[in-house]
Amino acid sequence: MLSRTANDLFWMGRYVERAENTARMLDVTWRMSLLPSGDRAAGDWGAALQIGGGEDVFAERYVSANARNIIQYMVLDGDNPSSIYSVFRLARENARATRGTTTTELWQSLNDTWLEVQALDYDKIAKRGFSRFFDWVKERSHLFRGVSTGTMLRDDAYFFQRLGTFLERADNTARLLDVKYHILLPAGEPVGGAIDYYQWGALLRSVSAFSAYKRRFHDAIWPQRVAELLILHGDMPRSLHSCYRELDGLFAALRELYRRDFECFRLAGKNYSRLRYGRAESIFQRGLHEYLADFLDRNADLGAQISSDFMLGN
Amino acid sequence: MRTPVHPPAVPAFDEMRDAGGLVRPAYDRLADWLTKTPKSVFRRKRQEAELLFRRLGITFAVYSDDAGVERLIPFDIVPRVLTAAEWARLEAGLIQRVRALNAFIHDIYHGQQILKAGVIPEEFVLCNAQFRPEMLGIVPPGGVWAHVAGIDVVRVDEGDFYVLEDNLRSPSGVSYMIENRSVMMRLFPELFSQNRIAPVDHYPNELLSMLRSVAPPHAGNPTVVVVTPGMYNSAYFEHAFLADEMGVELVEGQDLFVTDGFVFMRTPQGPRRVDVIYRRIDDDYLDPLAFNSQSVLGVPGLLSVYAQGNVALANAIGTGVADDKSIYPYVPDMVRFYLGEEAILKNVQTWQCREPDSLRYVLDHLDELVVKEVHGSGGYGMLIGPRASTAERAEFAARLRATPDRYIAQPTLALSTCPTFVQQGIAPRHVDLRPYVLTGRTTRVVPGGLTRVALEEGSLVVNSSQGGGTKDTWVLQE
């Protein structure tokens, strides 16, 4: 396999995962904006922009941060490299460049996705219903992972693509939690009211963790437990712990295939043990925001190390 | 817009029916199927075919469009049929021609016997932009130059094939030969049980065997790669397709580098030596150190590795000198000179406008001739005299007078026609054929090729860039 191919596969995984997470985040924002506490909606849309990144570019090009503009920017704007439109285009381009190492079915699935996305505009999405559209994006991402898992040879091509998926997912979950936690937890106010229930419930739902929370804790929704679930619980598939468990398995497979060690294995192992053996109390003692900011840096460092170990070909 | 003239000036050879309207043997079964199948079925099948091509991503880019725009080449669902006897003659002619062309290229980079013997004027070769002095005295691994040749042939009557053009650099289209067949088999499986049709899908296997056979001797189990200019190239789909079918890496220039006299590719596990490069980029872009220094597509130092015999390139550098339209008229002479045989495939009569007598003849007969650019391809920059307006002919005449060296002229051939499914139903349309000739230790042709069809009534331009389509091509087995 070529280094360039490894890079394309890695980013293919990242792009599709990013599309899914953007859809999840916008979906929850959209649902929240329908609640009677509508005065908070503007803040929610702003947060969506903050989680997705690129606020500066948005501010340059759009007058107001209203729902329509933010959806336009994060879903359809071809000039925003992280919009759902752009990441599906890039994923499809990468799929096209790596057809030799993936499967026809994988290419067809991403090509179909792109053909549909290409034909979209705001009015079409509005007519179809926003939630239906976001569900569709999630389904395309589920399909992507399903087709990969169901058809690809378990060789380095598969491993690199999956590395992209979980590195991106860890990044996105951490961002979502970091931004939302602070918005939802105004200083000095008591928690546990009805609004909190819906707000925190929506956050959990956005990462498909609502019923998982109920089953795990048999309790009302407490912010610290939400954070604990999304960071430390290895059985919750979008948690940071869970992402790193996947990454750890993929690096083990690469080590076996290549029969040697790379620096990124060490970095990943270090991050994984912090999640595996970390305790919720110490996270909150230190401060959740500090913890997550530090995690995002480490996660980004791992991405850079993967690139330097495998994708430059020196 | 130009209105096509119909019927063609010269009555064309109809491959399905003879002058009396009787079906020729090759189309025996197919004619029956064409009559019995309702138009609605053809229409539905054509839609299915288009969907298959689009889903498989079998597209090509058109240069005049914005970068990255992808189009489908129209596919005609009526196959073109050749009998075993017709194919046998064509095959023998192709093998003979490509052997002579390979001998010619070797000769001009070594002893230049054919120039010394005065068979071809020296300046046609030595002053040709495609002549690569860097290759003088170099013997490519295996002694092969044109490993993959696409020879464009047309029929004008029952017996003969004429060669329109030899493509010896990196001829494209073979993926359509294979995919057209695979789509036909999905759409009309019954046709394949009723007819004995020679298979074509082993082409990538033949290609790989050929490429391995020309590896440098040290290679052992050679590593073969396909080099593409990248995904915005019009033939990118084909590059990817062939690499995939052969199970080898599809690489770009940036994936390769030269060190210690060998070529390596960058992999996650570090550098890996490359022994055979099936390159789909032009000579000019191969090595910025040797050729176009602006090229970012190539590999710096590649030519030096090649000259040391440490990597094989298919096709070799400098084959373009033999497929130039100014050399074309001499191919039958090459066959005689190197093989001592008479050419089985005919050449189309060609006037070189650089010769004053020829230029005069061409200017006097512009309304009968096809005028082409010597270095042109893809159907761009040509004049089809009988179809052109007076103004267009006058404009071309001016160009001919200004730069006669750049043009050749040929009679307007009445290309044969094949039944084709068009708006009005099944109707004859003009076709050509590009079979693919592979040369390693031996020269072989996979039975069939790419049939291109001019979908517009009366049109003789079959190029996909100009609205032509393709057909599956059947060679019947005895």
# chains A, B, ... in the order shown; residues from 1 in each chain; ligands from 1

$ residues_around --residues "Ala23 in chain A" --least-positions-apart "4" --cutoff "10 Å" --atoms "only C-alpha atoms" --output "number ranges by chain"
A: 17-19, 27-29, 71, 74-75, 83-84, 130-131, 133-138, 206

$ closest_atom_pairs --of "chain A" --to "chain B" --cutoff "8 Å" --atoms "only C-alpha atoms" --output "JSON lines"
{"residue": "A:Met1", "atom": "CA", "partner": "B:Thr267", "partner_atom": "CA", "distance": 5.7}
{"residue": "A:Leu2", "atom": "CA", "partner": "B:Thr267", "partner_atom": "CA", "distance": 4.3}
{"residue": "A:Ser3", "atom": "CA", "partner": "B:Thr267", "partner_atom": "CA", "distance": 4.4}
{"residue": "A:Arg4", "atom": "CA", "partner": "B:Asp255", "partner_atom": "CA", "distance": 7.0}
{"residue": "A:Ala6", "atom": "CA", "partner": "B:Pro268", "partner_atom": "CA", "distance": 7.1}
{"residue": "A:Ala97", "atom": "CA", "partner": "B:Met231", "partner_atom": "CA", "distance": 6.9}
{"residue": "A:Arg99", "atom": "CA", "partner": "B:Ala240", "partner_atom": "CA", "distance": 7.1}
{"residue": "A:Gly100", "atom": "CA", "partner": "B:Asp244", "partner_atom": "CA", "distance": 4.7}
{"residue": "A:Thr101", "atom": "CA", "partner": "B:Asp244", "partner_atom": "CA", "distance": 7.9}
{"residue": "A:Thr104", "atom": "CA", "partner": "B:Leu56", "partner_atom": "CA", "distance": 7.6}
{"residue": "A:Gln108", "atom": "CA", "partner": "B:Arg55", "partner_atom": "CA", "distance": 6.0}
{"residue": "A:Asn111", "atom": "CA", "partner": "B:Arg55", "partner_atom": "CA", "distance": 7.3}
{"residue": "A:Asp112", "atom": "CA", "partner": "B:Arg55", "partner_atom": "CA", "distance": 7.3}
{"residue": "A:Tyr258", "atom": "CA", "partner": "B:Gln269", "partner_atom": "CA", "distance": 6.9}
{"residue": "A:Asp309", "atom": "CA", "partner": "B:Pro268", "partner_atom": "CA", "distance": 7.3}
{"residue": "A:Phe310", "atom": "CA", "partner": "B:Pro268", "partner_atom": "CA", "distance": 4.2}
{"residue": "A:Met311", "atom": "CA", "partner": "B:Pro268", "partner_atom": "CA", "distance": 6.0}
{"residue": "A:Leu312", "atom": "CA", "partner": "B:Arg266", "partner_atom": "CA", "distance": 7.2}
{"residue": "A:Gly313", "atom": "CA", "partner": "B:Arg266", "partner_atom": "CA", "distance": 4.2}
{"residue": "A:Asn314", "atom": "CA", "partner": "B:Gly270", "partner_atom": "CA", "distance": 5.8}

$ residues_around --residues "Leu366 in chain B" --least-positions-apart "6" --cutoff "9 Å" --atoms "only C-alpha atoms" --output "list of chain:residue names"
B:Leu383, B:Ile384, B:Gly385, B:Pro386, B:Arg393, B:Phe396, B:Ala397, B:Ala409

$ write_last_selection --atoms "N, CA and C atoms" --output "mmCIF file, in the first residue's frame"
data_model
loop_
_atom_site.group_PDB
_atom_site.id
_atom_site.type_symbol
_atom_site.label_atom_id
_atom_site.label_comp_id
_atom_site.auth_asym_id
_atom_site.auth_seq_id
_atom_site.Cartn_x
_atom_site.Cartn_y
_atom_site.Cartn_z
ATOM 1 N N LEU B 383 -10.764 18.692 -40.261
ATOM 2 C CA LEU B 383 -11.781 19.158 -41.193
ATOM 3 C C LEU B 383 -12.272 17.956 -41.992
ATOM 4 N N ILE B 384 -13.584 17.755 -41.985
ATOM 5 C CA ILE B 384 -14.142 16.718 -42.855
ATOM 6 C C ILE B 384 -14.738 17.446 -44.056
ATOM 7 N N GLY B 385 -13.979 17.448 -45.143
ATOM 8 C CA GLY B 385 -14.304 18.257 -46.314
ATOM 9 C C GLY B 385 -15.752 18.182 -46.767
ATOM 10 N N PRO B 386 -16.266 16.978 -47.048
ATOM 11 C CA PRO B 386 -17.623 16.885 -47.602
ATOM 12 C C PRO B 386 -18.698 17.410 -46.650
ATOM 13 N N ARG B 393 -14.229 25.569 -45.072
ATOM 14 C CA ARG B 393 -13.155 25.087 -45.967
ATOM 15 C C ARG B 393 -12.189 26.210 -46.304
ATOM 16 N N PHE B 396 -9.933 26.756 -43.396
ATOM 17 C CA PHE B 396 -8.934 25.694 -43.280
ATOM 18 C C PHE B 396 -7.854 25.833 -44.357
ATOM 19 N N ALA B 397 -8.287 26.238 -45.556
ATOM 20 C CA ALA B 397 -7.326 26.417 -46.647
ATOM 21 C C ALA B 397 -6.275 27.454 -46.264
ATOM 22 N N ALA B 409 -3.662 14.943 -45.182
ATOM 23 C CA ALA B 409 -5.036 14.778 -45.660
ATOM 24 C C ALA B 409 -5.238 13.353 -46.126
#

$ select_by_dssp --residues "range 388-419 of chain B" --states "strand (DSSP E)" --output "PyMOL selection string"
chain B and resi 407-411+417-419

$ write_last_selection --atoms "C-alpha atoms" --output "short mmCIF file (atom, residue, chain, number, x, y, z; two decimals), in the first residue's frame"
data_model
loop_
_atom_site.label_atom_id
_atom_site.label_comp_id
_atom_site.auth_asym_id
_atom_site.auth_seq_id
_atom_site.Cartn_x
_atom_site.Cartn_y
_atom_site.Cartn_z
CA TYR B 407 -1.37 18.86 -41.68
CA ILE B 408 -2.00 15.67 -43.57
CA ALA B 409 -5.04 14.78 -45.66
CA GLN B 410 -6.81 11.54 -46.40
CA PRO B 411 -9.81 10.59 -48.54
CA THR B 417 -22.03 0.96 -40.26
CA CYS B 418 -23.51 -1.26 -37.56
CA PRO B 419 -27.05 -1.44 -36.24
#

$ atom_distance --atom1 "CA of Leu286 in chain B" --atom2 "CA of Glu238 in chain B"
19.0 Å

$ residues_around --residues "Gly467 in chain B" --least-positions-apart "6" --cutoff "12 Å" --atoms "only C-alpha atoms" --output "PyMOL selection string"
chain B and resi 62+71-75+378-379+452-457+459-461

$ write_last_selection --atoms "C-alpha atoms" --output "mmCIF file, in the first residue's frame"
data_model
loop_
_atom_site.group_PDB
_atom_site.id
_atom_site.type_symbol
_atom_site.label_atom_id
_atom_site.label_comp_id
_atom_site.auth_asym_id
_atom_site.auth_seq_id
_atom_site.Cartn_x
_atom_site.Cartn_y
_atom_site.Cartn_z
ATOM 1 C CA VAL B 62 -13.776 16.318 -20.922
ATOM 2 C CA ARG B 71 -19.385 12.409 -18.044
ATOM 3 C CA LEU B 72 -20.558 9.046 -19.161
ATOM 4 C CA ILE B 73 -19.599 7.850 -22.590
ATOM 5 C CA PRO B 74 -22.899 6.906 -24.262
ATOM 6 C CA PHE B 75 -23.163 3.157 -24.485
ATOM 7 C CA GLY B 378 -9.132 13.065 -30.166
ATOM 8 C CA GLY B 379 -10.863 14.396 -33.262
ATOM 9 C CA ARG B 452 -16.646 3.518 -31.169
ATOM 10 C CA VAL B 453 -19.816 4.660 -32.868
ATOM 11 C CA ALA B 454 -20.857 8.060 -34.222
ATOM 12 C CA LEU B 455 -24.355 8.340 -32.758
ATOM 13 C CA GLU B 456 -25.478 11.237 -34.906
ATOM 14 C CA GLU B 457 -26.927 10.184 -38.240
ATOM 15 C CA SER B 459 -21.591 11.597 -38.662
ATOM 16 C CA LEU B 460 -18.146 10.093 -39.131
ATOM 17 C CA VAL B 461 -16.606 11.406 -35.906
#

$ residues_around --residues "range 123-135 of chain B" --least-positions-apart "3" --cutoff "6 Å" --atoms "only C-alpha atoms" --output "list of chain:residue names"
B:Ile138, B:Gly318, B:Gly320, B:Val321

$ write_last_selection --atoms "N, CA and C atoms" --output "compact mmCIF listing (two decimals), in the first residue's frame"
# COMPACT_ATOMS: atom_id res chain seq x y z
N ILE B 138 20.01 3.10 -25.96
CA ILE B 138 19.43 2.43 -24.78
C ILE B 138 18.59 1.23 -25.22
N GLY B 318 9.95 7.47 -25.98
CA GLY B 318 10.31 7.73 -27.37
C GLY B 318 9.54 6.93 -28.41
N GLY B 320 6.60 7.65 -29.36
CA GLY B 320 5.72 8.58 -30.07
C GLY B 320 6.20 8.89 -31.48
N VAL B 321 7.49 8.69 -31.72
CA VAL B 321 8.03 8.97 -33.05
C VAL B 321 7.40 8.04 -34.10

$ residues_around --residues "range 207-219 of chain B" --least-positions-apart "5" --cutoff "7 Å" --atoms "only C-alpha atoms" --output "MDAnalysis selection string"
chainID B and resid 141:142 246 275:276 309:312 439:441

$ select_by_dssp --residues "range 234-342 of chain B" --states "helix (DSSP H, G or I)" --output "PyMOL selection string"
chain B and resi 236-246+253-255+283-286+302-307+319-322+328-339

$ write_last_selection --atoms "C-alpha atoms" --output "PDB file, in the first residue's frame"
ATOM      1  CA  TYR B 236      -8.283   8.174 -14.523  1.00  0.00           C
ATOM      2  CA  PHE B 237     -11.065   5.663 -14.217  1.00  0.00           C
ATOM      3  CA  GLU B 238      -9.213   3.371 -16.562  1.00  0.00           C
ATOM      4  CA  HIS B 239      -5.910   3.731 -14.709  1.00  0.00           C
ATOM      5  CA  ALA B 240      -7.613   2.803 -11.454  1.00  0.00           C
ATOM      6  CA  PHE B 241      -9.543   0.008 -13.104  1.00  0.00           C
ATOM      7  CA  LEU B 242      -6.466  -1.626 -14.605  1.00  0.00           C
ATOM      8  CA  ALA B 243      -4.429  -1.311 -11.397  1.00  0.00           C
ATOM      9  CA  ASP B 244      -7.282  -2.820  -9.462  1.00  0.00           C
ATOM     10  CA  GLU B 245      -7.853  -5.664 -11.907  1.00  0.00           C
ATOM     11  CA  MET B 246      -4.131  -6.467 -11.924  1.00  0.00           C
ATOM     12  CA  GLY B 253       4.671  10.775  -9.403  1.00  0.00           C
ATOM     13  CA  GLN B 254       4.719  12.027  -5.804  1.00  0.00           C
ATOM     14  CA  ASP B 255       4.480   8.434  -4.538  1.00  0.00           C
ATOM     15  CA  ASP B 283       7.206  11.252 -21.998  1.00  0.00           C
ATOM     16  CA  ASP B 284       7.363  15.005 -21.407  1.00  0.00           C
ATOM     17  CA  TYR B 285       6.099  14.694 -17.838  1.00  0.00           C
ATOM     18  CA  LEU B 286       7.968  11.543 -16.780  1.00  0.00           C
ATOM     19  CA  LEU B 302      13.626   8.276 -13.447  1.00  0.00           C
ATOM     20  CA  LEU B 303      15.378   8.427 -16.804  1.00  0.00           C
ATOM     21  CA  SER B 304      18.767   7.717 -15.238  1.00  0.00           C
ATOM     22  CA  VAL B 305      17.414   4.596 -13.519  1.00  0.00           C
ATOM     23  CA  TYR B 306      15.820   3.566 -16.792  1.00  0.00           C
ATOM     24  CA  ALA B 307      19.068   4.084 -18.701  1.00  0.00           C
ATOM     25  CA  THR B 319       7.665   5.493 -28.985  1.00  0.00           C
ATOM     26  CA  GLY B 320       5.725   8.584 -30.074  1.00  0.00           C
ATOM     27  CA  VAL B 321       8.028   8.974 -33.046  1.00  0.00           C
ATOM     28  CA  ALA B 322       6.395   5.924 -34.641  1.00  0.00           C
ATOM     29  CA  TYR B 328       2.162   6.619 -40.628  1.00  0.00           C
ATOM     30  CA  PRO B 329       2.398   6.469 -44.460  1.00  0.00           C
ATOM     31  CA  TYR B 330       5.631   4.489 -44.146  1.00  0.00           C
ATOM     32  CA  VAL B 331       4.364   1.656 -41.944  1.00  0.00           C
ATOM     33  CA  PRO B 332       3.772  -0.733 -44.892  1.00  0.00           C
ATOM     34  CA  ASP B 333       7.376  -0.005 -45.911  1.00  0.00           C
ATOM     35  CA  MET B 334       8.512  -0.889 -42.386  1.00  0.00           C
ATOM     36  CA  VAL B 335       6.705  -4.214 -42.606  1.00  0.00           C
ATOM     37  CA  ARG B 336       8.550  -4.946 -45.830  1.00  0.00           C
ATOM     38  CA  PHE B 337      11.897  -3.648 -44.515  1.00  0.00           C
ATOM     39  CA  TYR B 338      12.007  -5.444 -41.162  1.00  0.00           C
ATOM     40  CA  LEU B 339       9.850  -8.509 -41.701  1.00  0.00           C
TER      41      LEU B 339
END

$ residues_around --residues "range 291-298 of chain A" --least-positions-apart "5" --cutoff "12 Å" --atoms "only C-alpha atoms" --output "VMD selection string"
chain A and resid 167 to 179 181 to 182 227 to 228 230 to 231 240 to 241 244 264 267 to 272 274 to 275 278 to 286 303 to 305

$ atom_distance --atom1 "CA of Asn463 in chain B" --atom2 "CA of Asn167 in chain B"
14.2 Å
